[in-house]
$ cat query-v4.tsv   # TSV, C-alpha atoms
chain	number	residue	atom	x	y	z
A	1	MET	CA	-21.09	100.64	25.03
A	2	THR	CA	-20.44	100.02	28.72
A	3	PRO	CA	-22.65	98.53	31.45
A	4	SER	CA	-24.32	100.92	33.87
A	5	SER	CA	-22.39	101.87	36.99
A	6	SER	CA	-25.05	100.35	39.26
A	7	LEU	CA	-24.41	96.90	37.74
A	8	ARG	CA	-20.99	96.72	39.40
A	9	GLU	CA	-22.53	97.30	42.82
A	10	LYS	CA	-25.22	94.67	42.14
A	11	VAL	CA	-22.68	92.05	41.06
A	12	LEU	CA	-20.42	92.66	44.05
A	13	ALA	CA	-23.42	92.59	46.39
A	14	ASP	CA	-24.54	89.26	44.86
A	15	ALA	CA	-21.09	87.77	45.41
A	16	ALA	CA	-21.03	88.99	49.00
A	17	ALA	CA	-24.49	87.49	49.65
A	18	PHE	CA	-23.63	83.99	48.37
A	19	ARG	CA	-21.00	81.95	50.16
A	20	ALA	CA	-19.10	80.01	47.50
A	21	ARG	CA	-16.59	77.26	48.23
A	22	THR	CA	-12.96	78.08	47.45
A	23	ARG	CA	-10.95	75.82	45.18
A	24	SER	CA	-9.16	74.07	48.08
A	25	GLN	CA	-12.50	73.45	49.86
A	26	GLY	CA	-13.91	72.12	46.59
A	27	ARG	CA	-10.94	69.79	46.12
A	28	ARG	CA	-11.31	68.32	49.61
A	29	ARG	CA	-15.00	67.75	49.02
A	30	ALA	CA	-14.35	66.16	45.62
A	31	ALA	CA	-11.62	63.89	47.05
A	32	LEU	CA	-14.01	62.64	49.75
A	33	VAL	CA	-16.87	62.05	47.28
A	34	TYR	CA	-14.63	60.24	44.76
A	35	THR	CA	-13.01	58.07	47.46
A	36	LEU	CA	-16.41	56.94	48.74
A	37	ALA	CA	-17.54	56.28	45.15
A	38	ALA	CA	-14.42	54.25	44.36
A	39	LEU	CA	-14.97	52.08	47.42
A	40	ALA	CA	-18.64	51.48	46.65
A	41	GLY	CA	-17.96	48.57	44.28
A	42	LEU	CA	-15.61	46.69	46.62
A	43	PRO	CA	-18.21	44.91	48.81
A	44	LEU	CA	-19.65	43.12	45.76
A	45	PHE	CA	-16.14	42.17	44.58
A	46	VAL	CA	-15.34	40.69	47.99
A	47	ALA	CA	-18.75	39.00	48.33
A	48	TRP	CA	-18.27	37.29	44.95
A	49	ASP	CA	-14.91	35.70	45.94
A	50	GLY	CA	-12.61	38.55	44.89
A	51	LEU	CA	-9.38	37.52	43.16
A	52	ASP	CA	-10.11	33.82	43.88
A	53	HIS	CA	-12.84	33.89	41.26
A	54	ALA	CA	-10.18	34.31	38.54
A	55	ARG	CA	-7.98	31.46	39.83
A	56	ALA	CA	-8.51	29.48	36.59
A	57	ARG	CA	-6.17	32.01	34.95
A	58	PRO	CA	-2.49	32.54	35.94
A	59	LEU	CA	-2.22	35.42	38.43
A	60	SER	CA	0.43	37.19	36.31
A	61	MET	CA	-1.99	37.30	33.38
A	62	THR	CA	-4.82	38.57	35.58
A	63	ILE	CA	-2.59	41.39	36.80
A	64	GLY	CA	-1.40	42.13	33.24
A	65	ILE	CA	-4.98	42.32	31.94
A	66	ALA	CA	-6.04	44.55	34.85
A	67	LEU	CA	-3.02	46.87	34.33
A	68	GLY	CA	-3.89	47.22	30.63
A	69	GLY	CA	-7.50	47.96	31.57
A	70	LEU	CA	-6.27	50.49	34.12
A	71	LEU	CA	-4.17	52.27	31.47
A	72	ILE	CA	-7.20	52.51	29.15
A	73	ALA	CA	-9.32	53.78	32.04
A	74	ILE	CA	-6.72	56.37	33.09
A	75	ALA	CA	-6.39	57.63	29.50
A	76	CYS	CA	-10.19	57.99	29.27
A	77	ALA	CA	-10.46	59.64	32.69
A	78	ALA	CA	-7.62	62.05	31.83
A	79	ILE	CA	-9.65	63.38	28.93
A	80	ALA	CA	-13.16	63.12	30.41
A	81	TRP	CA	-12.43	64.21	34.00
A	82	TRP	CA	-9.48	66.58	33.87
A	83	ARG	CA	-9.93	69.63	31.73
A	84	GLY	CA	-6.26	70.19	30.94
A	85	LYS	CA	-5.25	73.86	30.95
A	86	SER	CA	-8.78	75.00	30.18
A	87	ALA	CA	-11.46	76.02	32.67
A	88	VAL	CA	-14.13	75.30	30.07
A	89	GLY	CA	-13.39	71.67	29.24
A	90	ARG	CA	-12.39	69.47	26.36
A	91	SER	CA	-13.58	69.82	22.78
A	92	ASP	CA	-16.61	67.94	21.52
A	93	VAL	CA	-14.32	65.76	19.39
A	94	ALA	CA	-12.25	64.64	22.40
A	95	LEU	CA	-15.31	63.96	24.56
A	96	LEU	CA	-17.10	61.93	21.89
A	97	ALA	CA	-13.88	60.03	21.16
A	98	VAL	CA	-13.74	58.90	24.80
A	99	ALA	CA	-17.40	57.88	24.82
A	100	ILE	CA	-16.94	55.80	21.67
A	101	LEU	CA	-13.41	54.48	22.09
A	102	ALA	CA	-13.59	53.40	25.76
A	103	PRO	CA	-15.83	50.35	25.12
A	104	VAL	CA	-14.04	49.57	21.84
A	105	ALA	CA	-10.56	49.68	23.44
A	106	THR	CA	-11.76	47.57	26.38
A	107	TYR	CA	-13.24	44.99	24.04
A	108	VAL	CA	-10.13	44.80	21.84
A	109	TRP	CA	-7.79	44.62	24.84
A	110	LEU	CA	-9.66	41.81	26.60
A	111	VAL	CA	-10.33	39.72	23.49
A	112	SER	CA	-6.64	39.97	22.54
A	113	TRP	CA	-5.96	37.69	25.56
A	114	HIS	CA	-8.34	35.00	24.34
A	115	GLY	CA	-6.61	31.66	23.72
A	116	ARG	CA	-3.42	32.54	25.61
A	117	TYR	CA	-4.52	30.35	28.51
A	118	ALA	CA	-7.08	27.59	29.03
A	119	ASP	CA	-10.32	29.62	29.23
A	120	PRO	CA	-12.98	28.24	31.60
A	121	PRO	CA	-16.35	27.50	29.92
A	122	SER	CA	-17.79	30.82	28.75
A	123	ARG	CA	-20.89	32.48	30.20
A	124	ILE	CA	-23.12	35.26	28.95
A	125	GLY	CA	-21.52	37.78	31.29
A	126	LEU	CA	-24.47	39.10	33.28
A	127	ARG	CA	-22.53	39.06	36.55
A	128	CYS	CA	-19.64	40.95	34.93
A	129	LEU	CA	-22.15	43.44	33.55
A	130	ALA	CA	-23.69	43.89	36.99
A	131	MET	CA	-20.31	44.27	38.70
A	132	THR	CA	-19.09	46.86	36.17
A	133	LEU	CA	-22.29	48.84	36.62
A	134	VAL	CA	-22.08	48.62	40.42
A	135	SER	CA	-18.41	49.74	40.37
A	136	GLY	CA	-18.75	52.41	37.67
A	137	ALA	CA	-22.11	54.03	38.43
A	138	PRO	CA	-21.02	55.51	41.79
A	139	LEU	CA	-18.03	57.17	40.07
A	140	LEU	CA	-20.34	58.63	37.43
A	141	LEU	CA	-22.80	59.87	40.06
A	142	ALA	CA	-19.93	61.33	42.10
A	143	ALA	CA	-18.65	63.29	39.09
A	144	ILE	CA	-22.14	64.56	38.29
A	145	TYR	CA	-22.61	65.60	41.94
A	146	VAL	CA	-19.26	67.40	42.11
A	147	ARG	CA	-19.81	69.24	38.81
A	148	LYS	CA	-23.54	69.75	38.84
A	149	ARG	CA	-24.75	72.82	36.94
A	150	THR	CA	-21.25	74.02	36.10
A	151	VAL	CA	-20.66	72.72	32.56
A	152	ALA	CA	-21.17	75.56	30.07
A	153	VAL	CA	-20.16	73.70	26.92
A	154	HIS	CA	-21.28	70.24	25.72
A	155	PRO	CA	-22.90	68.92	28.94
A	156	VAL	CA	-24.32	65.87	27.11
A	157	ALA	CA	-20.97	64.89	25.56
A	158	SER	CA	-19.23	65.59	28.89
A	159	GLY	CA	-21.70	63.32	30.71
A	160	ALA	CA	-21.23	60.59	28.10
A	161	ALA	CA	-17.43	60.79	28.31
A	162	ILE	CA	-17.48	60.76	32.13
A	163	GLY	CA	-19.88	57.79	32.04
A	164	ALA	CA	-17.60	55.85	29.67
A	165	ALA	CA	-14.52	56.65	31.76
A	166	ALA	CA	-16.36	55.63	34.95
A	167	GLY	CA	-17.33	52.36	33.27
A	168	ALA	CA	-13.73	51.73	32.20
A	169	LEU	CA	-12.50	52.45	35.75
A	170	GLY	CA	-15.18	50.19	37.23
A	171	GLY	CA	-14.17	47.53	34.71
A	172	VAL	CA	-10.68	47.29	36.22
A	173	THR	CA	-12.19	45.63	39.32
A	174	VAL	CA	-13.98	43.17	37.04
A	175	ASP	CA	-10.73	42.45	35.13
A	176	LEU	CA	-9.30	41.19	38.44
A	177	TRP	CA	-12.35	39.03	39.03
A	178	CYS	CA	-13.41	37.57	35.68
A	179	PRO	CA	-11.25	34.89	33.96
A	180	LEU	CA	-13.17	34.94	30.66
A	181	THR	CA	-12.04	36.67	27.48
A	182	SER	CA	-14.22	35.14	24.76
A	183	SER	CA	-15.67	37.65	22.31
A	184	ALA	CA	-19.37	37.24	23.16
A	185	HIS	CA	-18.71	37.33	26.91
A	186	VAL	CA	-16.52	40.45	26.69
A	187	LEU	CA	-19.09	42.18	24.51
A	188	VAL	CA	-21.96	41.62	26.97
A	189	GLY	CA	-20.12	41.62	30.30
A	190	HIS	CA	-17.38	44.22	29.78
A	191	ALA	CA	-18.08	46.51	26.81
A	192	LEU	CA	-21.88	46.79	27.09
A	193	PRO	CA	-21.87	48.24	30.64
A	194	ILE	CA	-19.45	50.96	29.49
A	195	VAL	CA	-21.85	51.83	26.67
A	196	LEU	CA	-24.77	51.82	29.14
A	197	LEU	CA	-22.91	54.10	31.55
A	198	ALA	CA	-21.99	56.45	28.67
A	199	LEU	CA	-25.68	56.66	27.69
A	200	PHE	CA	-26.72	57.15	31.32
A	201	GLY	CA	-24.03	59.82	31.64
A	202	ALA	CA	-25.36	61.63	28.57
A	203	VAL	CA	-28.86	61.72	30.06
A	204	LEU	CA	-27.55	62.86	33.44
A	205	GLY	CA	-25.29	65.40	31.74
A	206	ARG	CA	-28.23	67.05	30.05
A	207	ALA	CA	-30.29	67.05	33.24
A	208	ALA	CA	-27.70	67.86	35.89
A	209	LEU	CA	-24.36	69.00	34.43
A	210	ALA	CA	-25.68	71.74	32.16
A	211	LEU	CA	-25.19	75.24	33.46
A	212	ARG	CA	-28.32	76.85	34.87
A	213	PRO	CA	-28.85	80.45	35.91
A	214	PRO	CA	-27.91	80.61	39.61
A	215	SER	CA	-30.88	80.46	41.95
A	216	LYS	CA	-31.18	83.18	44.57
A	217	SER	CA	-33.07	81.00	47.01
B	1	MET	CA	-9.39	84.52	38.78
B	2	ASP	CA	-6.76	82.22	40.28
B	3	ARG	CA	-6.48	84.46	43.34
B	4	TYR	CA	-10.26	84.67	43.65
B	5	ALA	CA	-10.69	80.88	43.34
B	6	SER	CA	-8.10	80.50	46.12
B	7	GLY	CA	-10.26	82.58	48.47
B	8	HIS	CA	-9.06	86.17	47.93
B	9	ASP	CA	-12.53	87.72	47.74
B	10	GLU	CA	-11.24	91.22	47.01
B	11	ALA	CA	-10.00	89.99	43.59
B	12	PHE	CA	-13.61	89.71	42.38
B	13	ALA	CA	-13.89	93.48	41.83
B	14	GLU	CA	-10.73	93.42	39.69
B	15	LEU	CA	-12.16	90.52	37.75
B	16	TYR	CA	-15.37	92.46	37.15
B	17	ASP	CA	-13.51	95.55	35.95
B	18	ALA	CA	-11.44	93.50	33.52
B	19	LEU	CA	-14.22	91.37	32.07
B	20	ALA	CA	-17.55	93.18	32.41
B	21	PRO	CA	-17.15	95.66	29.48
B	22	LYS	CA	-16.17	92.86	27.05
B	23	LEU	CA	-18.97	90.58	28.26
B	24	PHE	CA	-21.47	93.41	28.05
B	25	VAL	CA	-20.65	94.19	24.40
B	26	PHE	CA	-20.77	90.47	23.55
B	27	LEU	CA	-24.12	90.01	25.29
B	28	CYS	CA	-25.59	93.18	23.76
B	29	ARG	CA	-24.82	91.71	20.37
B	30	GLN	CA	-26.31	88.34	21.30
B	31	THR	CA	-29.49	89.66	22.90
B	32	GLY	CA	-29.99	92.98	21.13
B	33	ASP	CA	-31.12	94.55	24.38
B	34	ARG	CA	-29.11	96.53	26.96
B	35	ALA	CA	-31.28	95.55	29.92
B	36	ARG	CA	-31.14	91.85	29.06
B	37	ALA	CA	-27.39	92.09	28.47
B	38	GLU	CA	-26.89	93.66	31.91
B	39	ASP	CA	-29.02	90.96	33.46
B	40	LEU	CA	-26.90	88.28	31.79
B	41	VAL	CA	-23.63	89.97	32.82
B	42	GLN	CA	-24.91	89.85	36.40
B	43	GLN	CA	-25.83	86.16	36.05
B	44	THR	CA	-22.49	85.35	34.43
B	45	PHE	CA	-20.54	86.83	37.33
B	46	LEU	CA	-22.78	85.21	39.89
B	47	HIS	CA	-22.21	81.89	38.18
B	48	MET	CA	-18.44	82.42	38.08
B	49	HIS	CA	-18.59	83.19	41.79
B	50	CYS	CA	-20.63	80.06	42.60
B	51	ALA	CA	-18.42	77.82	40.41
B	52	ARG	CA	-15.05	79.20	41.49
B	53	GLU	CA	-14.23	75.91	43.25
B	54	THR	CA	-14.17	74.19	39.82
B	55	TYR	CA	-11.85	76.75	38.21
B	56	THR	CA	-8.72	75.11	36.77
B	57	THR	CA	-5.47	76.47	38.19
B	58	GLY	CA	-3.67	78.68	35.67
B	59	ALA	CA	-6.48	78.56	33.11
B	60	ASP	CA	-7.40	81.54	30.91
B	61	VAL	CA	-10.47	83.16	32.47
B	62	VAL	CA	-11.67	84.90	29.28
B	63	PRO	CA	-12.92	81.77	27.43
B	64	TRP	CA	-14.57	80.51	30.63
B	65	ALA	CA	-16.45	83.78	31.17
B	66	PHE	CA	-17.50	83.97	27.51
B	67	ALA	CA	-18.60	80.30	27.50
B	68	ILE	CA	-20.83	80.91	30.54
B	69	ALA	CA	-22.20	84.12	29.04
B	70	ARG	CA	-22.91	82.41	25.73
B	71	ARG	CA	-24.72	79.52	27.42
B	72	LEU	CA	-26.89	81.94	29.40
B	73	ALA	CA	-27.59	83.94	26.23
B	74	ILE	CA	-28.62	80.77	24.38
B	75	ASP	CA	-30.99	79.85	27.22
B	76	LEU	CA	-32.47	83.35	27.15
B	77	HIS	CA	-32.70	83.29	23.35
B	78	ARG	CA	-34.79	80.14	23.55
B	79	ARG	CA	-37.26	81.97	25.74
B	80	THR	CA	-37.34	85.28	23.87
B	81	LYS	CA	-36.86	86.46	20.31
B	82	ARG	CA	-33.76	88.28	19.18
B	83	GLU	CA	-34.16	91.96	18.49
B	84	VAL	CA	-31.72	94.27	16.75
B	85	LEU	CA	-30.11	97.25	18.43
B	86	ASP	CA	-31.41	99.54	15.71
B	87	GLY	CA	-31.18	102.73	17.72
B	88	GLU	CA	-27.58	102.26	18.71
B	89	LEU	CA	-26.54	101.18	15.23
B	90	GLN	CA	-28.15	104.27	13.69
B	91	ALA	CA	-26.47	106.50	16.25
B	92	ALA	CA	-23.11	104.92	15.38
B	93	GLN	CA	-23.86	105.56	11.69
B	94	ALA	CA	-24.60	109.22	12.33
B	95	ALA	CA	-21.40	109.57	14.32
B	96	LEU	CA	-19.37	108.54	11.24
B	97	ASP	CA	-20.42	111.78	9.51
B	98	LEU	CA	-20.61	110.31	6.00
B	99	SER	CA	-21.97	111.93	2.83
B	100	PRO	CA	-25.66	111.01	2.21
B	101	ASP	CA	-24.72	108.68	-0.66
B	102	ASP	CA	-21.92	106.97	1.29
B	103	ALA	CA	-24.13	106.74	4.36
B	104	LEU	CA	-26.84	105.06	2.31
B	105	ARG	CA	-24.40	102.55	0.81
B	106	SER	CA	-22.79	101.92	4.19
B	107	LYS	CA	-26.18	101.44	5.81
B	108	GLU	CA	-27.21	99.03	3.05
B	109	ALA	CA	-23.97	97.05	3.44
B	110	ALA	CA	-24.40	96.94	7.23
B	111	ARG	CA	-27.97	95.69	6.77
B	112	ILE	CA	-26.83	92.96	4.38
B	113	LEU	CA	-24.03	91.88	6.73
B	114	GLN	CA	-26.34	91.88	9.72
B	115	GLU	CA	-29.02	89.84	7.94
B	116	THR	CA	-26.45	87.38	6.60
B	117	LEU	CA	-24.89	86.95	10.05
B	118	ALA	CA	-28.30	86.49	11.65
B	119	ALA	CA	-29.17	83.77	9.14
B	120	LEU	CA	-26.03	81.74	9.91
B	121	PRO	CA	-26.03	78.88	12.44
B	122	GLU	CA	-25.38	80.19	15.99
B	123	SER	CA	-22.06	78.38	16.43
B	124	GLN	CA	-20.76	79.73	13.10
B	125	ARG	CA	-21.91	83.30	13.76
B	126	VAL	CA	-20.52	83.37	17.31
B	127	ALA	CA	-17.15	81.97	16.17
B	128	PHE	CA	-16.84	84.86	13.72
B	129	GLU	CA	-18.04	87.47	16.22
B	130	LEU	CA	-15.74	86.28	19.02
B	131	ILE	CA	-12.72	86.72	16.78
B	132	LYS	CA	-13.70	89.81	14.77
B	133	TYR	CA	-15.65	91.83	17.32
B	134	ASP	CA	-14.49	90.59	20.74
B	135	GLY	CA	-10.83	90.18	19.85
B	136	LEU	CA	-10.44	86.62	21.09
B	137	SER	CA	-7.71	84.40	19.66
B	138	LEU	CA	-8.58	81.27	17.70
B	139	ALA	CA	-7.65	79.11	20.69
B	140	GLN	CA	-9.81	81.17	23.06
B	141	ALA	CA	-12.77	81.07	20.66
B	142	ALA	CA	-12.33	77.29	20.33
B	143	GLU	CA	-12.52	76.99	24.14
B	144	VAL	CA	-15.64	79.13	24.34
B	145	LEU	CA	-17.35	77.01	21.71
B	146	GLY	CA	-15.99	73.73	23.06
B	147	THR	CA	-14.43	72.73	19.78
B	148	THR	CA	-11.06	72.55	18.06
B	149	VAL	CA	-9.05	75.43	16.57
B	150	VAL	CA	-9.40	73.82	13.13
B	151	ALA	CA	-13.20	73.81	13.47
B	152	VAL	CA	-13.20	77.50	14.46
B	153	LYS	CA	-11.01	78.37	11.45
B	154	LEU	CA	-13.42	76.51	9.21
B	155	ARG	CA	-16.46	78.26	10.72
B	156	THR	CA	-14.94	81.75	10.39
B	157	HIS	CA	-13.83	81.00	6.84
B	158	ARG	CA	-17.37	79.92	5.94
B	159	THR	CA	-18.73	83.07	7.55
B	160	TYR	CA	-16.34	85.26	5.52
B	161	GLU	CA	-17.42	83.45	2.37
B	162	ALA	CA	-21.10	83.92	3.21
B	163	LEU	CA	-20.60	87.64	3.94
B	164	ARG	CA	-18.55	88.17	0.78
B	165	GLY	CA	-21.18	86.37	-1.29
B	166	ALA	CA	-23.99	88.41	0.24
B	167	LEU	CA	-22.17	91.71	-0.37
B	168	GLU	CA	-21.36	90.80	-3.99
B	169	LEU	CA	-24.99	89.87	-4.53
B	170	GLY	CA	-26.04	93.20	-3.01
B	171	VAL	CA	-23.70	95.12	-5.38
B	172	LEU	CA	-25.04	93.20	-8.39
B	173	ARG	CA	-28.64	93.93	-7.41
B	174	ARG	CA	-27.88	97.62	-6.95
B	175	GLY	CA	-26.14	97.70	-10.35
B	176	SER	CA	-29.05	96.04	-12.13
B	177	ALA	CA	-31.52	98.37	-10.38
B	178	ARG	CA	-29.71	101.36	-11.95

$ encode --input "query-v4.tsv" --output "structure tokens"
Amino acid sequence: MTPSSSLREKVLADAAAFRARTRSQGRRRAALVYTLAALAGLPLFVAWDGLDHARARPLSMTIGIALGGLLIAIACAAIAWWRGKSAVGRSDVALLAVAILAPVATYVWLVSWHGRYADPPSRIGLRCLAMTLVSGAPLLLAAIYVRKRTVAVHPVASGAAIGAAAGALGGVTVDLWCPLTSSAHVLVGHALPIVLLALFGAVLGRAALALRPPSKS
Amino acid sequence: MDRYASGHDEAFAELYDALAPKLFVFLCRQTGDRARAEDLVQQTFLHMHCARETYTTGADVVPWAFAIARRLAIDLHRRTKREVLDGELQAAQAALDLSPDDALRSKEAARILQETLAALPESQRVAFELIKYDGLSLAQAAEVLGTTVVAVKLRTHRTYEALRGALELGVLRRGSAR
């Protein structure tokens, strides 16, 4: 069984009719979108006193906590964002592992610092929650925009993993800002927004990442 | 595909020649209809063209193309019902030039296998078909299905077991009928 000879002409004519970005053009576009998204959370960080807000904690500890958070975020992003040697993407197991483990690892890492310095009085963590969402959501939206309608396998799990990784990356800014590491605070202010972004990512993944038949209009 | 993703438009024709026959056979099996399969092959290539900017450098193009084709087939399947390529299967049977008795047994076995495969979950059936019919490796099939090699091995093993069980049941029924 072979396709009809006219199909070849149709396919080549389709490709000639649609201008598609090359990989280098796509990379430049993605770099611009991701840079803008990464900078989107900075105004709030600066407006809320930046590093000064964490002055109750020794600076070396603040940097240590942020570096640990950055390592967790990079590990999550490496699985959720980069597809390795595959053009299809990661397996469902890997994607779901990121979505589940990112908030857990963040929680465990931050709470492990509790009691190593004189913690300021604890708060619920609503400002940390807001700052993580403000820093992470643009990264999630950027990834959805760059990859829209191109994910053929597991778009929901991909969206969830990207959301969790975006939350973990956004959380690094908050690690530099927030001096609190008590369990309840970390749960609400640092782990919950990652869960929320993973859920938001799953919804967006279904709606926008999933592959759709190309439109001719 | 690497050359095409880098902007060498002339490589698209080579890509088509290398992939289209395999995709067509795969999509014929999934849709049971030549016209629909051709339509999906066209859509698959158009999608590969539109998404070439996202193609990973050095990646294997076969799993990517099959994953896109499968997704499009699933979307189509949700809108239409699957039909069997009865005509083509019967023609293939006739071409084998079997004795009437052998032809009958072979036809019965093919029917049992086809019904058993059709009754399996889509991901299990496609894992088996990608490896047995389309000649993909375990790793390639795992990429197409977005799962691990171990999961693909498990799915194909379960499919073999289901097919073996169905054939044994068929033999028993025929024996008791005599």

$ axis_aligned_box --input "query-v4.tsv" --around "segment 79-95 of chain A" --padding-each-side "5 Å" --output "lines of an AutoDock Vina configuration file"
center_x = -10.9
center_y = 69.6
center_z = 26.7
size_x = 21.4
size_y = 22.9
size_z = 24.6

$ closest_atom_pairs --input "query-v4.tsv" --of "chain A" --to "chain B" --cutoff "10 Å" --atoms "all atoms listed in the file" --output "Markdown table"
| residue | atom | partner | partner_atom | distance |
| --- | --- | --- | --- | --- |
| A:Met1 | CA | B:Val25 | CA | 6.5 |
| A:Thr2 | CA | B:Pro21 | CA | 5.5 |
| A:Pro3 | CA | B:Phe24 | CA | 6.3 |
| A:Ser4 | CA | B:Glu38 | CA | 7.9 |
| A:Leu7 | CA | B:Glu38 | CA | 7.1 |
| A:Arg8 | CA | B:Tyr16 | CA | 7.4 |
| A:Glu9 | CA | B:Ala13 | CA | 9.5 |
| A:Lys10 | CA | B:Gln42 | CA | 7.5 |
| A:Val11 | CA | B:Gln42 | CA | 5.6 |
| A:Leu12 | CA | B:Ala13 | CA | 6.9 |
| A:Ala13 | CA | B:Leu46 | CA | 9.9 |
| A:Asp14 | CA | B:Leu46 | CA | 6.6 |
| A:Ala15 | CA | B:Leu46 | CA | 6.3 |
| A:Ala16 | CA | B:Asp9 | CA | 8.7 |
| A:Phe18 | CA | B:Cys50 | CA | 7.6 |
| A:Arg19 | CA | B:Cys50 | CA | 7.8 |
| A:Ala20 | CA | B:Cys50 | CA | 5.1 |
| A:Arg21 | CA | B:Glu53 | CA | 5.7 |
| A:Thr22 | CA | B:Glu53 | CA | 4.9 |
| A:Arg23 | CA | B:Glu53 | CA | 3.8 |
| A:Ser24 | CA | B:Ser6 | CA | 6.8 |
| A:Gln25 | CA | B:Glu53 | CA | 7.3 |
| A:Gly26 | CA | B:Glu53 | CA | 5.1 |
| A:Arg27 | CA | B:Glu53 | CA | 7.5 |
| A:Ala30 | CA | B:Thr54 | CA | 9.9 |
| A:Trp82 | CA | B:Thr56 | CA | 9.0 |
| A:Arg83 | CA | B:Thr56 | CA | 7.5 |
| A:Gly84 | CA | B:Thr56 | CA | 8.0 |
| A:Lys85 | CA | B:Ala59 | CA | 5.3 |
| A:Ser86 | CA | B:Ala59 | CA | 5.2 |
| A:Ala87 | CA | B:Thr56 | CA | 5.0 |
| A:Val88 | CA | B:Trp64 | CA | 5.3 |
| A:Gly89 | CA | B:Gly146 | CA | 7.0 |
| A:Arg90 | CA | B:Gly146 | CA | 6.5 |
| A:Ser91 | CA | B:Thr147 | CA | 4.3 |
| A:Asp92 | CA | B:Thr147 | CA | 5.5 |
| A:Val93 | CA | B:Thr147 | CA | 7.0 |
| A:Ala94 | CA | B:Thr147 | CA | 8.8 |
| A:Leu95 | CA | B:Gly146 | CA | 9.9 |
| A:Val146 | CA | B:Thr54 | CA | 8.8 |
| A:Arg147 | CA | B:Thr54 | CA | 7.6 |
| A:Lys148 | CA | B:Ala51 | CA | 9.7 |
| A:Arg149 | CA | B:Ala51 | CA | 8.8 |
| A:Thr150 | CA | B:Ala51 | CA | 6.4 |
| A:Val151 | CA | B:Ile68 | CA | 8.4 |
| A:Ala152 | CA | B:Ile68 | CA | 5.4 |
| A:Val153 | CA | B:Gly146 | CA | 5.7 |
| A:His154 | CA | B:Gly146 | CA | 6.9 |
| A:Ala210 | CA | B:Arg71 | CA | 9.2 |
| A:Leu211 | CA | B:Arg71 | CA | 7.4 |
| A:Arg212 | CA | B:Leu72 | CA | 7.6 |
| A:Pro213 | CA | B:Gln43 | CA | 6.5 |
| A:Pro214 | CA | B:His47 | CA | 6.0 |
| A:Ser215 | CA | B:His47 | CA | 9.6 |
| A:Lys216 | CA | B:Leu46 | CA | 9.8 |

$ residues_around --input "query-v4.tsv" --residues "Gly171 of chain A" --least-positions-apart "6" --cutoff "10 Å" --atoms "only C-alpha atoms" --output "number ranges by chain"
A: 66, 69-70, 73, 106, 128-129, 131-136, 165, 177, 189-191, 193-194

$ atom_distance --input "query-v4.tsv" --atom1 "atom CA of Ala160 of chain A" --atom2 "atom CA of Ile72 of chain A"
16.2 Å

$ closest_residue --input "query-v4.tsv" --among "B:Arg105, B:Leu15, B:Arg36, B:Leu117" --to "Glu161 of chain B" --atoms "only C-alpha atoms"
B:Leu117

$ residues_around --input "query-v4.tsv" --residues "segment 120-124 of chain B" --least-positions-apart "6" --cutoff "7 Å" --atoms "all atoms listed in the file" --output "list in words"
Arg155, Thr156 and Thr159 of chain B

$ residues_around --input "query-v4.tsv" --residues "Ala198 of chain A" --least-positions-apart "4" --cutoff "9 Å" --atoms "all atoms listed in the file" --output "ChimeraX atom specification"
/A:99-100,159-167,193-194,202-203

$ closest_residue --input "query-v4.tsv" --among "B:Val152, B:Leu19, B:Ala166, B:Ala11" --to "Glu115 of chain B" --atoms "only C-alpha atoms"
B:Ala166

$ residues_near_point --input "query-v4.tsv" --point "(-17.2, 89.8, 16.7)" --cutoff "12 Å" --atoms "all atoms listed in the file" --output "list in words"
Lys22, Leu23, Val25, Phe26, Leu27, Cys28, Arg29, Gln30, Gln114, Leu117, Gln124, Arg125, Val126, Ala127, Phe128, Glu129, Leu130, Ile131, Lys132, Tyr133, Asp134, Gly135, Leu136, Ser137, Ala141, Thr156 and Thr159 of chain B

$ write_last_selection --input "query-v4.tsv" --atoms "C-alpha atoms" --output "short mmCIF file (atom, residue, chain, number, x, y, z; two decimals), in the frame of the given file"
data_model
loop_
_atom_site.label_atom_id
_atom_site.label_comp_id
_atom_site.auth_asym_id
_atom_site.auth_seq_id
_atom_site.Cartn_x
_atom_site.Cartn_y
_atom_site.Cartn_z
CA LYS B 22 -16.17 92.86 27.05
CA LEU B 23 -18.97 90.58 28.26
CA VAL B 25 -20.65 94.19 24.40
CA PHE B 26 -20.77 90.47 23.55
CA LEU B 27 -24.12 90.01 25.29
CA CYS B 28 -25.59 93.18 23.76
CA ARG B 29 -24.82 91.71 20.37
CA GLN B 30 -26.31 88.34 21.30
CA GLN B 114 -26.34 91.88 9.72
CA LEU B 117 -24.89 86.95 10.05
CA GLN B 124 -20.76 79.73 13.10
CA ARG B 125 -21.91 83.30 13.76
CA VAL B 126 -20.52 83.37 17.31
CA ALA B 127 -17.15 81.97 16.17
CA PHE B 128 -16.84 84.86 13.72
CA GLU B 129 -18.04 87.47 16.22
CA LEU B 130 -15.74 86.28 19.02
CA ILE B 131 -12.72 86.72 16.78
CA LYS B 132 -13.70 89.81 14.77
CA TYR B 133 -15.65 91.83 17.32
CA ASP B 134 -14.49 90.59 20.74
CA GLY B 135 -10.83 90.18 19.85
CA LEU B 136 -10.44 86.62 21.09
CA SER B 137 -7.71 84.40 19.66
CA ALA B 141 -12.77 81.07 20.66
CA THR B 156 -14.94 81.75 10.39
CA THR B 159 -18.73 83.07 7.55
#

$ atom_distance --input "query-v4.tsv" --atom1 "atom CA of Ala162 of chain B" --atom2 "atom CA of Ile74 of chain B"
22.7 Å

$ residues_around --input "query-v4.tsv" --residues "Tyr145 of chain A" --least-positions-apart "4" --cutoff "9 Å" --atoms "only C-alpha atoms" --output "ChimeraX atom specification"
/A:33,140-141,208-209
